[in-house]
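Worksheet: one structure, shown below.
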Amino acid sequence: MANKQEISDIRDNLQENIGNEVVVRANTGRKRIVEKSGIIEQTYPNVFVVLVDASQNEACRRMSFSYIDVLTKTVELEICTG
């Protein structure tokens, strides 16, 4: 079982970075990895939401991920600073 303190640390770190740009790499299974850039929009008790940048053919969309996904490295986040 995941350590509650580790999940809390991930949540707190993301809470501090709301509004900052991130690069998200999500493993969607069968060796497929999706990489998107966006902005951390909101955090909730079990999930966080990233507002993904729109490409030329699609509108802005939101993607949600759980803190467990980050802990198990199914989702990797790179917070852009500067």
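Ordering of the structure tokens sets the chain letters (A, B, ...), residue numbers begin anew at 1 in every chain, and ligands are numbered from 1 in the order given.
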
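The shell of residues at most 8 Å from stretch 34-38 of chain A, with only C-alpha atoms counted and near chain neighbours (fewer than 4 positions) removed, consists of Glu21, Val22, Val23, Val24, Arg25, Ala26, Asn27, Thr28, Val50, Leu51, Val52 and Asp53 of chain A.
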
**Report entry** DSSP-assigned strand (DSSP E) among chain A, expressed as a PyMOL selection string
**Finding:** chain A and resi 21-29+32-43+47-52+61-66+75-79

Those selected residues, please, written with N, CA and C atoms and delivered as a compact mmCIF listing (two decimals), in the first residue's frame.
```txt
# COMPACT_ATOMS: atom_id res chain seq x y z
N GLU A 21 3.53 25.88 -15.68
CA GLU A 21 3.54 25.00 -16.84
C GLU A 21 4.24 23.69 -16.50
N VAL A 22 3.70 22.59 -17.04
CA VAL A 22 4.27 21.27 -16.82
C VAL A 22 4.31 20.50 -18.14
N VAL A 23 5.18 19.52 -18.19
CA VAL A 23 5.19 18.54 -19.27
C VAL A 23 4.79 17.22 -18.63
N VAL A 24 3.76 16.59 -19.19
CA VAL A 24 3.22 15.34 -18.65
C VAL A 24 3.55 14.21 -19.61
N ARG A 25 4.13 13.15 -19.07
CA ARG A 25 4.37 11.93 -19.85
C ARG A 25 3.57 10.83 -19.19
N ALA A 26 2.56 10.33 -19.91
CA ALA A 26 1.69 9.30 -19.34
C ALA A 26 1.84 8.01 -20.12
N ASN A 27 2.05 6.92 -19.41
CA ASN A 27 2.13 5.60 -20.01
C ASN A 27 0.70 5.08 -20.14
N THR A 28 0.21 4.96 -21.36
CA THR A 28 -1.17 4.52 -21.58
C THR A 28 -1.28 3.03 -21.86
N GLY A 29 -0.21 2.31 -21.73
CA GLY A 29 -0.24 0.86 -21.91
C GLY A 29 0.25 0.44 -23.28
N ARG A 32 2.73 2.58 -25.27
CA ARG A 32 2.31 3.89 -25.78
C ARG A 32 2.52 4.92 -24.69
N ILE A 33 3.21 5.97 -25.04
CA ILE A 33 3.46 7.05 -24.10
C ILE A 33 2.97 8.34 -24.73
N VAL A 34 2.13 9.07 -23.99
CA VAL A 34 1.59 10.34 -24.45
C VAL A 34 2.35 11.44 -23.73
N GLU A 35 2.83 12.42 -24.49
CA GLU A 35 3.53 13.55 -23.89
C GLU A 35 2.80 14.83 -24.29
N LYS A 36 2.36 15.58 -23.30
CA LYS A 36 1.63 16.83 -23.52
C LYS A 36 2.19 17.89 -22.59
N SER A 37 2.08 19.15 -23.02
CA SER A 37 2.44 20.24 -22.13
C SER A 37 1.16 20.99 -21.77
N GLY A 38 1.16 21.55 -20.60
CA GLY A 38 -0.03 22.26 -20.13
C GLY A 38 0.25 22.99 -18.83
N ILE A 39 -0.84 23.36 -18.16
CA ILE A 39 -0.75 24.11 -16.91
C ILE A 39 -1.54 23.37 -15.84
N ILE A 40 -0.96 23.28 -14.64
CA ILE A 40 -1.68 22.66 -13.53
C ILE A 40 -2.83 23.59 -13.18
N GLU A 41 -4.04 23.10 -13.34
CA GLU A 41 -5.22 23.94 -13.15
C GLU A 41 -5.77 23.86 -11.73
N GLN A 42 -5.88 22.64 -11.19
CA GLN A 42 -6.51 22.48 -9.89
C GLN A 42 -6.07 21.16 -9.27
N THR A 43 -6.07 21.12 -7.95
CA THR A 43 -5.82 19.87 -7.23
C THR A 43 -7.04 19.54 -6.40
N VAL A 47 -7.17 13.56 -7.06
CA VAL A 47 -6.69 13.78 -8.43
C VAL A 47 -6.25 15.22 -8.61
N PHE A 48 -5.52 15.46 -9.72
CA PHE A 48 -5.20 16.82 -10.12
C PHE A 48 -5.51 16.97 -11.60
N VAL A 49 -5.75 18.21 -12.02
CA VAL A 49 -6.19 18.48 -13.38
C VAL A 49 -5.16 19.35 -14.08
N VAL A 50 -4.82 18.96 -15.32
CA VAL A 50 -3.88 19.72 -16.15
C VAL A 50 -4.65 20.23 -17.37
N LEU A 51 -4.59 21.53 -17.61
CA LEU A 51 -5.18 22.14 -18.80
C LEU A 51 -4.15 22.01 -19.91
N VAL A 52 -4.45 21.15 -20.89
CA VAL A 52 -3.49 20.81 -21.95
C VAL A 52 -3.56 21.86 -23.04
N ARG A 61 -8.18 21.20 -23.70
CA ARG A 61 -8.86 20.15 -22.97
C ARG A 61 -8.17 19.91 -21.65
N ARG A 62 -8.87 19.25 -20.79
CA ARG A 62 -8.36 18.96 -19.46
C ARG A 62 -8.08 17.47 -19.34
N MET A 63 -7.00 17.16 -18.64
CA MET A 63 -6.67 15.77 -18.35
C MET A 63 -6.51 15.67 -16.85
N SER A 64 -7.04 14.61 -16.27
CA SER A 64 -6.91 14.42 -14.83
C SER A 64 -6.09 13.16 -14.57
N PHE A 65 -5.32 13.23 -13.50
CA PHE A 65 -4.45 12.13 -13.10
C PHE A 65 -4.54 11.97 -11.59
N SER A 66 -4.31 10.78 -11.11
CA SER A 66 -4.30 10.57 -9.67
C SER A 66 -2.87 10.70 -9.13
N VAL A 75 2.63 8.14 -14.51
CA VAL A 75 2.62 9.51 -15.02
C VAL A 75 3.85 10.22 -14.47
N GLU A 76 4.60 10.86 -15.36
CA GLU A 76 5.77 11.63 -14.94
C GLU A 76 5.50 13.10 -15.23
N LEU A 77 5.84 13.95 -14.29
CA LEU A 77 5.65 15.39 -14.44
C LEU A 77 6.98 16.09 -14.40
N GLU A 78 7.12 17.05 -15.29
CA GLU A 78 8.30 17.92 -15.28
C GLU A 78 7.77 19.34 -15.18
N ILE A 79 7.99 19.97 -14.03
CA ILE A 79 7.52 21.32 -13.80
C ILE A 79 8.51 22.30 -14.40
```

Requested in this report: Just give me the gap between atom CA of A:Tyr67 and atom CA of A:Ser8 in Å, one decimal is fine.
Outcome: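 Computed distance, atom CA of A:Tyr67 to atom CA of A:Ser8, equals 8.7 Å.
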
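Taking atom CA of A:Ile7 as the reference point, atom CA of A:Leu71 is found at 7.1 Å.
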
Query - Those of chain A in DSSP helix (DSSP H, G or I), formatted as a list of chain:residue names - result: A:Lys4, A:Gln5, A:Glu6, A:Ile7, A:Ser8, A:Asp9, A:Ile10, A:Arg11, A:Asp12, A:Asn13, A:Leu14, A:Gln15, A:Glu16, A:Tyr67, A:Ile68, A:Asp69, A:Val70, A:Leu71

Query raised in the report: Which distance in Å separates atom CA of A:Asn3 and atom CA of A:Ile68, to one decimal?
Result: 10.0 Å

Report summary line: Restricting to only C-alpha atoms, whichever of A:Tyr44, A:Lys31, A:Ile10, A:Asn17 is closest to A:Thr72 is A:Ile10
